[in-house]
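Visitor: Sharing protein18.txt, compact mmCIF, N, CA and C atoms:
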```txt
# COMPACT_ATOMS: atom_id res chain seq x y z
N MET Y 750 -14.75 -9.69 -17.22
CA MET Y 750 -13.81 -9.15 -16.25
C MET Y 750 -13.99 -9.84 -14.90
N VAL Y 751 -12.89 -10.12 -14.23
CA VAL Y 751 -12.91 -10.79 -12.94
C VAL Y 751 -13.22 -9.77 -11.85
N GLU Y 752 -14.13 -10.13 -10.96
CA GLU Y 752 -14.48 -9.25 -9.83
C GLU Y 752 -13.33 -9.24 -8.82
N PRO Y 753 -12.84 -8.06 -8.42
CA PRO Y 753 -11.75 -8.00 -7.44
C PRO Y 753 -12.14 -8.63 -6.10
N THR Y 754 -11.23 -9.42 -5.55
CA THR Y 754 -11.49 -10.06 -4.26
C THR Y 754 -10.70 -9.43 -3.12
N TYR Y 755 -9.68 -8.67 -3.44
CA TYR Y 755 -8.83 -8.06 -2.42
C TYR Y 755 -9.12 -6.57 -2.31
N GLN Y 756 -8.99 -6.06 -1.08
CA GLN Y 756 -9.14 -4.62 -0.85
C GLN Y 756 -7.76 -4.00 -0.65
N LEU Y 757 -7.50 -2.95 -1.39
CA LEU Y 757 -6.25 -2.22 -1.34
C LEU Y 757 -6.50 -0.86 -0.69
N LEU Y 758 -5.80 -0.59 0.40
CA LEU Y 758 -5.87 0.70 1.08
C LEU Y 758 -4.75 1.58 0.54
N ILE Y 759 -5.12 2.77 0.08
CA ILE Y 759 -4.15 3.73 -0.45
C ILE Y 759 -4.22 4.98 0.42
N ALA Y 760 -3.13 5.27 1.13
CA ALA Y 760 -3.09 6.42 2.03
C ALA Y 760 -2.02 7.40 1.55
N ASP Y 761 -2.47 8.53 1.06
CA ASP Y 761 -1.56 9.58 0.58
C ASP Y 761 -2.31 10.90 0.63
N ASP Y 762 -1.68 11.93 1.17
CA ASP Y 762 -2.35 13.23 1.28
C ASP Y 762 -2.33 14.02 -0.03
N ASP Y 763 -1.63 13.52 -1.04
CA ASP Y 763 -1.62 14.14 -2.36
C ASP Y 763 -2.74 13.50 -3.19
N GLY Y 764 -3.85 14.21 -3.33
CA GLY Y 764 -5.02 13.67 -4.01
C GLY Y 764 -4.76 13.26 -5.44
N ASP Y 765 -3.95 14.03 -6.17
CA ASP Y 765 -3.65 13.68 -7.57
C ASP Y 765 -2.87 12.37 -7.65
N PHE Y 766 -1.90 12.21 -6.77
CA PHE Y 766 -1.10 10.98 -6.77
C PHE Y 766 -1.97 9.79 -6.36
N ARG Y 767 -2.81 10.00 -5.36
CA ARG Y 767 -3.72 8.94 -4.89
C ARG Y 767 -4.66 8.50 -6.02
N ARG Y 768 -5.20 9.46 -6.75
CA ARG Y 768 -6.10 9.13 -7.87
C ARG Y 768 -5.35 8.39 -8.98
N ALA Y 769 -4.11 8.77 -9.22
CA ALA Y 769 -3.30 8.08 -10.24
C ALA Y 769 -3.08 6.62 -9.85
N ILE Y 770 -2.81 6.38 -8.59
CA ILE Y 770 -2.65 5.01 -8.10
C ILE Y 770 -3.97 4.25 -8.24
N CYS Y 771 -5.06 4.91 -7.90
CA CYS Y 771 -6.38 4.28 -8.02
C CYS Y 771 -6.66 3.86 -9.47
N GLU Y 772 -6.32 4.71 -10.41
CA GLU Y 772 -6.53 4.37 -11.82
C GLU Y 772 -5.76 3.12 -12.22
N ILE Y 773 -4.55 3.00 -11.71
CA ILE Y 773 -3.72 1.83 -12.04
C ILE Y 773 -4.33 0.55 -11.48
N PHE Y 774 -4.81 0.61 -10.23
CA PHE Y 774 -5.21 -0.62 -9.55
C PHE Y 774 -6.71 -0.90 -9.53
N ALA Y 775 -7.53 0.02 -10.05
CA ALA Y 775 -8.99 -0.19 -10.04
C ALA Y 775 -9.43 -1.49 -10.72
N PRO Y 776 -8.80 -1.92 -11.81
CA PRO Y 776 -9.25 -3.18 -12.42
C PRO Y 776 -8.95 -4.43 -11.59
N PHE Y 777 -8.07 -4.30 -10.59
CA PHE Y 777 -7.58 -5.47 -9.88
C PHE Y 777 -8.01 -5.58 -8.42
N PHE Y 778 -8.36 -4.44 -7.81
CA PHE Y 778 -8.66 -4.40 -6.38
C PHE Y 778 -9.91 -3.58 -6.12
N ARG Y 779 -10.58 -3.85 -5.01
CA ARG Y 779 -11.55 -2.90 -4.47
C ARG Y 779 -10.69 -1.89 -3.70
N LEU Y 780 -10.90 -0.62 -3.97
CA LEU Y 780 -10.01 0.42 -3.44
C LEU Y 780 -10.63 1.14 -2.26
N ILE Y 781 -9.79 1.42 -1.27
CA ILE Y 781 -10.18 2.23 -0.12
C ILE Y 781 -9.15 3.34 -0.04
N GLU Y 782 -9.62 4.59 -0.10
CA GLU Y 782 -8.70 5.73 -0.10
C GLU Y 782 -8.71 6.45 1.25
N ALA Y 783 -7.53 6.90 1.66
CA ALA Y 783 -7.40 7.69 2.88
C ALA Y 783 -6.50 8.88 2.58
N GLU Y 784 -6.87 10.05 3.11
CA GLU Y 784 -6.07 11.26 2.92
C GLU Y 784 -5.02 11.44 4.00
N SER Y 785 -5.05 10.58 5.02
CA SER Y 785 -4.10 10.72 6.14
C SER Y 785 -3.86 9.36 6.77
N GLY Y 786 -2.80 9.31 7.56
CA GLY Y 786 -2.52 8.09 8.32
C GLY Y 786 -3.62 7.78 9.32
N GLU Y 787 -4.16 8.83 9.94
CA GLU Y 787 -5.25 8.64 10.91
C GLU Y 787 -6.48 8.03 10.25
N GLU Y 788 -6.84 8.56 9.09
CA GLU Y 788 -8.00 8.03 8.37
C GLU Y 788 -7.74 6.59 7.94
N ALA Y 789 -6.52 6.29 7.53
CA ALA Y 789 -6.18 4.92 7.14
C ALA Y 789 -6.37 3.95 8.30
N ILE Y 790 -5.96 4.34 9.49
CA ILE Y 790 -6.11 3.48 10.67
C ILE Y 790 -7.59 3.29 10.98
N GLU Y 791 -8.36 4.37 10.92
CA GLU Y 791 -9.81 4.27 11.17
C GLU Y 791 -10.47 3.32 10.17
N LEU Y 792 -10.10 3.43 8.90
CA LEU Y 792 -10.68 2.57 7.87
C LEU Y 792 -10.26 1.11 8.08
N ALA Y 793 -9.01 0.90 8.42
CA ALA Y 793 -8.51 -0.47 8.64
C ALA Y 793 -9.18 -1.12 9.84
N ALA Y 794 -9.62 -0.33 10.81
CA ALA Y 794 -10.32 -0.88 11.96
C ALA Y 794 -11.73 -1.34 11.60
N ARG Y 795 -12.30 -0.77 10.53
CA ARG Y 795 -13.67 -1.08 10.11
C ARG Y 795 -13.76 -2.01 8.91
N GLU Y 796 -12.76 -1.98 8.06
CA GLU Y 796 -12.78 -2.69 6.77
C GLU Y 796 -11.75 -3.82 6.78
N GLU Y 797 -12.00 -4.82 5.98
CA GLU Y 797 -10.99 -5.85 5.77
C GLU Y 797 -10.02 -5.34 4.72
N ILE Y 798 -8.76 -5.25 5.09
CA ILE Y 798 -7.71 -4.74 4.21
C ILE Y 798 -6.79 -5.91 3.87
N HIS Y 799 -6.44 -6.03 2.59
CA HIS Y 799 -5.54 -7.11 2.18
C HIS Y 799 -4.14 -6.62 1.81
N LEU Y 800 -4.04 -5.33 1.49
CA LEU Y 800 -2.78 -4.74 1.07
C LEU Y 800 -2.88 -3.24 1.29
N ALA Y 801 -1.76 -2.60 1.66
CA ALA Y 801 -1.81 -1.16 1.92
C ALA Y 801 -0.59 -0.47 1.31
N LEU Y 802 -0.85 0.70 0.73
CA LEU Y 802 0.20 1.59 0.22
C LEU Y 802 0.15 2.87 1.05
N PHE Y 803 1.27 3.25 1.64
CA PHE Y 803 1.33 4.44 2.48
C PHE Y 803 2.38 5.41 1.99
N ASP Y 804 2.01 6.67 1.87
CA ASP Y 804 2.99 7.74 1.69
C ASP Y 804 3.68 7.95 3.03
N MET Y 805 4.95 8.20 3.02
CA MET Y 805 5.68 8.43 4.27
C MET Y 805 5.27 9.74 4.92
N HIS Y 806 5.25 10.82 4.13
CA HIS Y 806 5.06 12.14 4.71
C HIS Y 806 3.62 12.62 4.56
N MET Y 807 2.85 12.36 5.61
CA MET Y 807 1.49 12.87 5.70
C MET Y 807 1.41 13.67 7.00
N LYS Y 808 0.43 14.55 7.07
CA LYS Y 808 0.27 15.38 8.27
C LYS Y 808 -0.02 14.50 9.48
N GLN Y 809 0.48 14.89 10.62
CA GLN Y 809 0.29 14.23 11.91
C GLN Y 809 0.91 12.84 11.96
N LEU Y 810 0.27 11.86 11.35
CA LEU Y 810 0.73 10.48 11.42
C LEU Y 810 1.44 10.11 10.10
N THR Y 811 2.72 9.75 10.19
CA THR Y 811 3.45 9.38 8.97
C THR Y 811 3.02 7.99 8.51
N GLY Y 812 3.41 7.64 7.31
CA GLY Y 812 3.12 6.31 6.80
C GLY Y 812 3.74 5.23 7.67
N LEU Y 813 4.96 5.47 8.14
CA LEU Y 813 5.64 4.49 9.00
C LEU Y 813 4.89 4.34 10.33
N GLU Y 814 4.47 5.45 10.91
CA GLU Y 814 3.69 5.38 12.15
C GLU Y 814 2.36 4.66 11.93
N ALA Y 815 1.74 4.89 10.79
CA ALA Y 815 0.47 4.22 10.47
C ALA Y 815 0.68 2.71 10.35
N ILE Y 816 1.78 2.31 9.72
CA ILE Y 816 2.07 0.87 9.61
C ILE Y 816 2.24 0.27 11.01
N LYS Y 817 2.97 0.96 11.87
CA LYS Y 817 3.15 0.46 13.25
C LYS Y 817 1.81 0.34 13.97
N GLN Y 818 0.93 1.31 13.77
CA GLN Y 818 -0.38 1.24 14.42
C GLN Y 818 -1.22 0.11 13.85
N LEU Y 819 -1.14 -0.12 12.55
CA LEU Y 819 -1.85 -1.26 11.96
C LEU Y 819 -1.39 -2.56 12.60
N ARG Y 820 -0.11 -2.68 12.79
CA ARG Y 820 0.43 -3.89 13.42
C ARG Y 820 -0.09 -4.03 14.85
N SER Y 821 -0.21 -2.91 15.57
CA SER Y 821 -0.71 -2.98 16.95
C SER Y 821 -2.19 -3.37 17.00
N LEU Y 822 -2.91 -3.13 15.89
CA LEU Y 822 -4.31 -3.56 15.79
C LEU Y 822 -4.41 -5.01 15.31
N HIS Y 823 -3.26 -5.64 15.16
CA HIS Y 823 -3.18 -7.01 14.67
C HIS Y 823 -3.63 -7.13 13.22
N VAL Y 824 -3.49 -6.06 12.49
CA VAL Y 824 -3.77 -6.09 11.07
C VAL Y 824 -2.46 -6.47 10.37
N VAL Y 825 -2.41 -7.70 9.91
CA VAL Y 825 -1.18 -8.20 9.30
C VAL Y 825 -1.42 -8.34 7.79
N VAL Y 826 -1.09 -7.29 7.08
CA VAL Y 826 -1.20 -7.26 5.63
C VAL Y 826 0.10 -6.68 5.08
N PRO Y 827 0.42 -6.98 3.84
CA PRO Y 827 1.59 -6.35 3.26
C PRO Y 827 1.40 -4.83 3.17
N CYS Y 828 2.33 -4.10 3.73
CA CYS Y 828 2.29 -2.63 3.71
C CYS Y 828 3.51 -2.13 2.95
N ILE Y 829 3.26 -1.32 1.94
CA ILE Y 829 4.33 -0.74 1.13
C ILE Y 829 4.41 0.74 1.44
N LEU Y 830 5.59 1.19 1.83
CA LEU Y 830 5.83 2.59 2.17
C LEU Y 830 6.45 3.28 0.95
N MET Y 831 5.96 4.48 0.63
CA MET Y 831 6.49 5.25 -0.50
C MET Y 831 7.03 6.57 0.02
N THR Y 832 8.21 6.96 -0.46
CA THR Y 832 8.79 8.21 0.01
C THR Y 832 9.75 8.81 -1.02
N ALA Y 833 9.80 10.13 -1.05
CA ALA Y 833 10.78 10.83 -1.87
C ALA Y 833 12.08 11.01 -1.10
N ASP Y 834 12.04 10.77 0.22
CA ASP Y 834 13.20 10.99 1.09
C ASP Y 834 13.76 9.66 1.60
N TYR Y 835 14.08 8.76 0.67
CA TYR Y 835 14.58 7.44 1.02
C TYR Y 835 15.95 7.55 1.68
N THR Y 836 16.10 6.88 2.81
CA THR Y 836 17.40 6.74 3.46
C THR Y 836 17.53 5.30 3.95
N GLU Y 837 18.74 4.88 4.18
CA GLU Y 837 18.95 3.54 4.73
C GLU Y 837 18.33 3.42 6.12
N SER Y 838 18.38 4.49 6.88
CA SER Y 838 17.77 4.51 8.21
C SER Y 838 16.26 4.30 8.13
N LEU Y 839 15.61 4.97 7.17
CA LEU Y 839 14.17 4.78 6.98
C LEU Y 839 13.88 3.34 6.56
N ARG Y 840 14.68 2.79 5.67
CA ARG Y 840 14.49 1.41 5.25
C ARG Y 840 14.58 0.47 6.44
N GLU Y 841 15.56 0.70 7.31
CA GLU Y 841 15.72 -0.14 8.50
C GLU Y 841 14.52 0.00 9.44
N ASP Y 842 14.03 1.23 9.61
CA ASP Y 842 12.84 1.45 10.44
C ASP Y 842 11.63 0.73 9.85
N ALA Y 843 11.53 0.76 8.53
CA ALA Y 843 10.41 0.09 7.87
C ALA Y 843 10.50 -1.43 8.04
N VAL Y 844 11.71 -1.97 7.96
CA VAL Y 844 11.91 -3.40 8.19
C VAL Y 844 11.50 -3.75 9.62
N GLN Y 845 11.88 -2.91 10.57
CA GLN Y 845 11.50 -3.14 11.98
C GLN Y 845 9.99 -3.12 12.16
N ALA Y 846 9.29 -2.32 11.37
CA ALA Y 846 7.83 -2.22 11.45
C ALA Y 846 7.14 -3.30 10.61
N ASN Y 847 7.93 -4.19 10.03
CA ASN Y 847 7.42 -5.26 9.18
C ASN Y 847 6.74 -4.76 7.91
N ALA Y 848 7.24 -3.65 7.36
CA ALA Y 848 6.75 -3.18 6.06
C ALA Y 848 7.24 -4.17 5.01
N PHE Y 849 6.46 -4.34 3.96
CA PHE Y 849 6.86 -5.25 2.89
C PHE Y 849 8.10 -4.70 2.18
N THR Y 850 8.07 -3.40 1.88
CA THR Y 850 9.21 -2.74 1.24
C THR Y 850 9.01 -1.23 1.28
N VAL Y 851 10.04 -0.51 0.86
CA VAL Y 851 9.98 0.95 0.72
C VAL Y 851 10.28 1.27 -0.74
N LEU Y 852 9.38 2.03 -1.36
CA LEU Y 852 9.57 2.48 -2.74
C LEU Y 852 9.95 3.95 -2.75
N ARG Y 853 10.89 4.28 -3.62
CA ARG Y 853 11.31 5.68 -3.77
C ARG Y 853 10.38 6.39 -4.74
N LYS Y 854 9.92 7.59 -4.32
CA LYS Y 854 9.15 8.46 -5.21
C LYS Y 854 10.14 9.36 -5.94
N PRO Y 855 9.92 9.71 -7.17
CA PRO Y 855 8.78 9.27 -7.96
C PRO Y 855 8.95 7.80 -8.34
N VAL Y 856 7.88 7.05 -8.19
CA VAL Y 856 7.90 5.63 -8.48
C VAL Y 856 7.32 5.41 -9.87
N THR Y 857 7.95 4.54 -10.63
CA THR Y 857 7.41 4.25 -11.96
C THR Y 857 6.22 3.30 -11.83
N ARG Y 858 5.35 3.36 -12.81
CA ARG Y 858 4.20 2.45 -12.83
C ARG Y 858 4.68 1.00 -12.76
N ARG Y 859 5.71 0.70 -13.53
CA ARG Y 859 6.24 -0.67 -13.58
C ARG Y 859 6.72 -1.12 -12.21
N ASP Y 860 7.47 -0.28 -11.51
CA ASP Y 860 7.98 -0.65 -10.18
C ASP Y 860 6.84 -0.80 -9.18
N LEU Y 861 5.87 0.10 -9.25
CA LEU Y 861 4.74 0.05 -8.32
C LEU Y 861 3.92 -1.22 -8.54
N VAL Y 862 3.56 -1.50 -9.78
CA VAL Y 862 2.76 -2.68 -10.10
C VAL Y 862 3.55 -3.95 -9.79
N GLY Y 863 4.82 -3.96 -10.13
CA GLY Y 863 5.66 -5.13 -9.84
C GLY Y 863 5.77 -5.41 -8.35
N THR Y 864 5.90 -4.36 -7.56
CA THR Y 864 5.99 -4.52 -6.11
C THR Y 864 4.68 -5.01 -5.52
N VAL Y 865 3.57 -4.45 -5.98
CA VAL Y 865 2.26 -4.91 -5.52
C VAL Y 865 2.04 -6.37 -5.91
N ALA Y 866 2.41 -6.73 -7.14
CA ALA Y 866 2.28 -8.12 -7.58
C ALA Y 866 3.10 -9.05 -6.71
N CYS Y 867 4.31 -8.65 -6.38
CA CYS Y 867 5.17 -9.45 -5.51
C CYS Y 867 4.56 -9.60 -4.11
N ALA Y 868 3.98 -8.53 -3.59
CA ALA Y 868 3.34 -8.57 -2.28
C ALA Y 868 2.14 -9.52 -2.29
N VAL Y 869 1.34 -9.48 -3.35
CA VAL Y 869 0.18 -10.37 -3.48
C VAL Y 869 0.65 -11.82 -3.56
N GLU Y 870 1.67 -12.06 -4.35
CA GLU Y 870 2.18 -13.43 -4.50
C GLU Y 870 2.74 -13.95 -3.18
N THR Y 871 3.50 -13.11 -2.48
CA THR Y 871 4.11 -13.51 -1.22
C THR Y 871 3.06 -13.77 -0.14
N ALA Y 872 2.11 -12.87 -0.02
CA ALA Y 872 1.13 -12.96 1.06
C ALA Y 872 0.00 -13.94 0.79
N TYR Y 873 -0.44 -14.02 -0.48
CA TYR Y 873 -1.66 -14.77 -0.77
C TYR Y 873 -1.46 -15.90 -1.77
N ASP Y 874 -0.25 -16.02 -2.32
CA ASP Y 874 0.05 -17.09 -3.27
C ASP Y 874 -0.98 -17.13 -4.40
N ASP Y 875 -1.39 -15.93 -4.84
CA ASP Y 875 -2.43 -15.81 -5.86
C ASP Y 875 -1.77 -15.61 -7.23
N HIS Y 876 -1.47 -16.72 -7.89
CA HIS Y 876 -0.76 -16.66 -9.18
C HIS Y 876 -1.59 -15.97 -10.26
N GLU Y 877 -2.91 -16.17 -10.21
CA GLU Y 877 -3.79 -15.59 -11.23
C GLU Y 877 -3.76 -14.07 -11.17
N LEU Y 878 -3.94 -13.50 -9.97
CA LEU Y 878 -3.90 -12.04 -9.83
C LEU Y 878 -2.51 -11.50 -10.13
N THR Y 879 -1.51 -12.17 -9.65
CA THR Y 879 -0.14 -11.73 -9.93
C THR Y 879 0.11 -11.65 -11.43
N SER Y 880 -0.31 -12.67 -12.14
CA SER Y 880 -0.16 -12.69 -13.59
C SER Y 880 -0.93 -11.56 -14.25
N ARG Y 881 -2.17 -11.32 -13.82
CA ARG Y 881 -2.97 -10.23 -14.39
C ARG Y 881 -2.32 -8.88 -14.12
N LEU Y 882 -1.77 -8.68 -12.92
CA LEU Y 882 -1.11 -7.41 -12.60
C LEU Y 882 0.10 -7.19 -13.50
N VAL Y 883 0.93 -8.19 -13.62
CA VAL Y 883 2.16 -8.06 -14.37
C VAL Y 883 1.89 -7.90 -15.87
N CYS Y 884 0.88 -8.59 -16.36
CA CYS Y 884 0.56 -8.54 -17.80
C CYS Y 884 -0.42 -7.42 -18.16
N GLY Y 885 -1.12 -6.89 -17.12
CA GLY Y 885 -2.18 -5.92 -17.37
C GLY Y 885 -1.69 -4.58 -17.69
```
Would it be possible to restate this file's structure as structure tokens?

Guide:
Amino acid sequence: MVEPTYQLLIADDDGDFRRAICEIFAPFFRLIEAESGEEAIELAAREEIHLALFDMHMKQLTGLEAIKQLRSLHVVVPCILMTADYTESLREDAVQANAFTVLRKPVTRRDLVGTVACAVETAYDDHELTSRLVCG
């Protein structure tokens, strides 16, 4: 098995959903979990983050606000926003915040993995990991 070289930050206040995402990506990434946007920002200030998944609706700091704060810390990594309340306005706000994309919840495993693979390929040109994600 190949040792993961990238760290994936997963920020979602739904512990069951966060754990499900962790199960999907554990073979491919070193995982960093956050229960809130605030915790995600604190972790990103201390840890090297290569990719981030944010739930939109978390207490206090939303996923979109967390992405904006990451950008203000000069943390430039692909950030994927997930929400059950997708609107064109939210998509536009996410584009303005330089989010990689917005996924609608409930998100299928295939869409989630495909989006993460695309983000890895776009940001890091890592064909080997992209192939493992898509085929794994």

Visitor: Give the alpha helix (DSSP H) residues of chain Y, as DSSP finds them on the backbone, and put them as an MDAnalysis selection string.

Guide: chainID Y and resid 764:774 786:795 812:821 837:845 858:873 876:884

Visitor: Can you list, as a list in words, every residue of range 753-882 of chain Y that DSSP puts in strand (DSSP E)?

Guide: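 Secondary structure check on range 753-882 of chain Y, strand (DSSP E): Gln756, Leu757, Leu758, Ile759, Ala760, Arg779, Leu780, Ile781, Glu782, Ala783, Leu800, Ala801, Leu802, Phe803, Asp804, Cys828, Ile829, Leu830, Met831, Thr832, Thr850, Val851, Leu852 and Arg853 of chain Y.
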
Visitor: Enter the distance from CA of Arg820 in chain Y to CA of Asn847 in chain Y, in Å, rounded to one decimal.

Guide: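 Between CA of Arg820 in chain Y and CA of Asn847 in chain Y the gap is 8.3 Å.
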
Visitor: First collect every listed atom of range 827-845 of chain Y; then fit an axis-aligned box around them, widen it by 8 Å on each side, and give centre and edge lengths in Å to one decimal, as AutoDock Vina command-line options.

Guide:
```
--center_x 9.7 --center_y 2.0 --center_z 5.1 --size_x 34.5 --size_y 34.0 --size_z 30.0
```

Visitor: Kindly assemble as a tab-separated table a list of the range 763-837 of chain Y residues that lie within 8 Å of range 860-869 of chain Y, each paired with its nearest atom pair and their distance in Å to one decimal, using all atoms listed in the file, sorted first by chain and then by ascending residue number.

Guide:
```
residue	atom	partner	partner_atom	distance
Y:Ile773	C	Y:Val862	CA	7.9
Y:His799	C	Y:Val869	CA	7.8
Y:Leu800	CA	Y:Ala868	C	7.6
Y:Pro827	CA	Y:Ala868	CA	6.2
Y:Cys828	N	Y:Ala868	CA	7.6
Y:Ile829	CA	Y:Thr864	C	7.9
```

Visitor: Restricting it to N, CA and C atoms, dump the selection as a compact mmCIF listing (two decimals), in the frame of the given file.

Guide:
```txt
# COMPACT_ATOMS: atom_id res chain seq x y z
N ILE Y 773 -4.55 3.00 -11.71
CA ILE Y 773 -3.72 1.83 -12.04
C ILE Y 773 -4.33 0.55 -11.48
N HIS Y 799 -6.44 -6.03 2.59
CA HIS Y 799 -5.54 -7.11 2.18
C HIS Y 799 -4.14 -6.62 1.81
N LEU Y 800 -4.04 -5.33 1.49
CA LEU Y 800 -2.78 -4.74 1.07
C LEU Y 800 -2.88 -3.24 1.29
N PRO Y 827 0.42 -6.98 3.84
CA PRO Y 827 1.59 -6.35 3.26
C PRO Y 827 1.40 -4.83 3.17
N CYS Y 828 2.33 -4.10 3.73
CA CYS Y 828 2.29 -2.63 3.71
C CYS Y 828 3.51 -2.13 2.95
N ILE Y 829 3.26 -1.32 1.94
CA ILE Y 829 4.33 -0.74 1.13
C ILE Y 829 4.41 0.74 1.44
```

Visitor: Y:Glu788, Y:Glu877, Y:Asp834, Y:Glu752: which is nearest Ala815 in chain Y, counting only C-alpha atoms?

Guide: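 When distances to Ala815 in chain Y are compared using only C-alpha atoms, the smallest one comes from Y:Glu788.
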
Visitor: Got a sec to check which residues sit within 6.5 Å of (-9.0, -6.5, -3.7), counting only N, CA and C atoms, and write them as JSON, numbers by chain?

Guide: {"Y": [753, 754, 755, 756, 757, 777, 778, 779, 780]}

Visitor: Could you tell me how far CA of Arg767 in chain Y sits from atom N of Val751 in chain Y, in Å to one decimal place?

Guide: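 Result for atom N of Val751 in chain Y versus CA of Arg767 in chain Y: 23.1 Å, one decimal.
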
Visitor: With all heavy atoms as the goal, would you fill in the gaps in range 836-843 of chain Y and present it as a tab-separated table (two decimals), in the frame of the given file?

Guide:
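See result-v6.tsv below for the written result:
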```
chain	number	residue	atom	x	y	z
Y	836	THR	N	16.10	6.88	2.81
Y	836	THR	CA	17.40	6.74	3.46
Y	836	THR	C	17.53	5.30	3.95
Y	836	THR	O	16.53	4.60	4.12
Y	836	THR	CB	17.56	7.68	4.67
Y	836	THR	OG1	16.60	7.30	5.67
Y	836	THR	CG2	17.39	9.15	4.30
Y	837	GLU	N	18.74	4.88	4.18
Y	837	GLU	CA	18.95	3.54	4.73
Y	837	GLU	C	18.33	3.42	6.12
Y	837	GLU	O	17.78	2.38	6.48
Y	837	GLU	CB	20.46	3.22	4.77
Y	837	GLU	CG	20.77	1.79	5.08
Y	837	GLU	CD	20.17	0.78	4.10
Y	837	GLU	OE1	19.99	1.09	2.92
Y	837	GLU	OE2	19.89	-0.35	4.55
Y	838	SER	N	18.38	4.49	6.88
Y	838	SER	CA	17.77	4.51	8.21
Y	838	SER	C	16.26	4.30	8.13
Y	838	SER	O	15.68	3.53	8.91
Y	838	SER	CB	18.09	5.84	8.91
Y	838	SER	OG	17.43	5.91	10.14
Y	839	LEU	N	15.61	4.97	7.17
Y	839	LEU	CA	14.17	4.78	6.98
Y	839	LEU	C	13.88	3.34	6.56
Y	839	LEU	O	12.93	2.72	7.05
Y	839	LEU	CB	13.62	5.76	5.95
Y	839	LEU	CG	12.14	5.58	5.59
Y	839	LEU	CD1	11.26	5.75	6.83
Y	839	LEU	CD2	11.73	6.55	4.50
Y	840	ARG	N	14.68	2.79	5.67
Y	840	ARG	CA	14.49	1.41	5.25
Y	840	ARG	C	14.58	0.47	6.44
Y	840	ARG	O	13.76	-0.44	6.60
Y	840	ARG	CB	15.51	1.01	4.18
Y	840	ARG	CG	15.19	-0.36	3.55
Y	840	ARG	CD	16.40	-0.98	2.85
Y	840	ARG	NE	17.48	-1.32	3.75
Y	840	ARG	CZ	17.49	-2.40	4.55
Y	840	ARG	NH1	16.49	-3.22	4.58
Y	840	ARG	NH2	18.53	-2.63	5.33
Y	841	GLU	N	15.56	0.70	7.31
Y	841	GLU	CA	15.72	-0.14	8.50
Y	841	GLU	C	14.52	0.00	9.44
Y	841	GLU	O	14.04	-0.99	9.99
Y	841	GLU	CB	17.02	0.22	9.23
Y	841	GLU	CG	18.26	-0.21	8.46
Y	841	GLU	CD	19.55	0.34	9.05
Y	841	GLU	OE1	19.52	0.91	10.17
Y	841	GLU	OE2	20.59	0.21	8.38
Y	842	ASP	N	14.03	1.23	9.61
Y	842	ASP	CA	12.84	1.45	10.44
Y	842	ASP	C	11.63	0.73	9.85
Y	842	ASP	O	10.82	0.16	10.58
Y	842	ASP	CB	12.53	2.95	10.57
Y	842	ASP	CG	13.55	3.68	11.44
Y	842	ASP	OD1	14.32	3.03	12.17
Y	842	ASP	OD2	13.57	4.93	11.36
Y	843	ALA	N	11.53	0.76	8.53
Y	843	ALA	CA	10.41	0.09	7.87
Y	843	ALA	C	10.50	-1.43	8.04
Y	843	ALA	O	9.49	-2.10	8.28
Y	843	ALA	CB	10.38	0.46	6.38
```
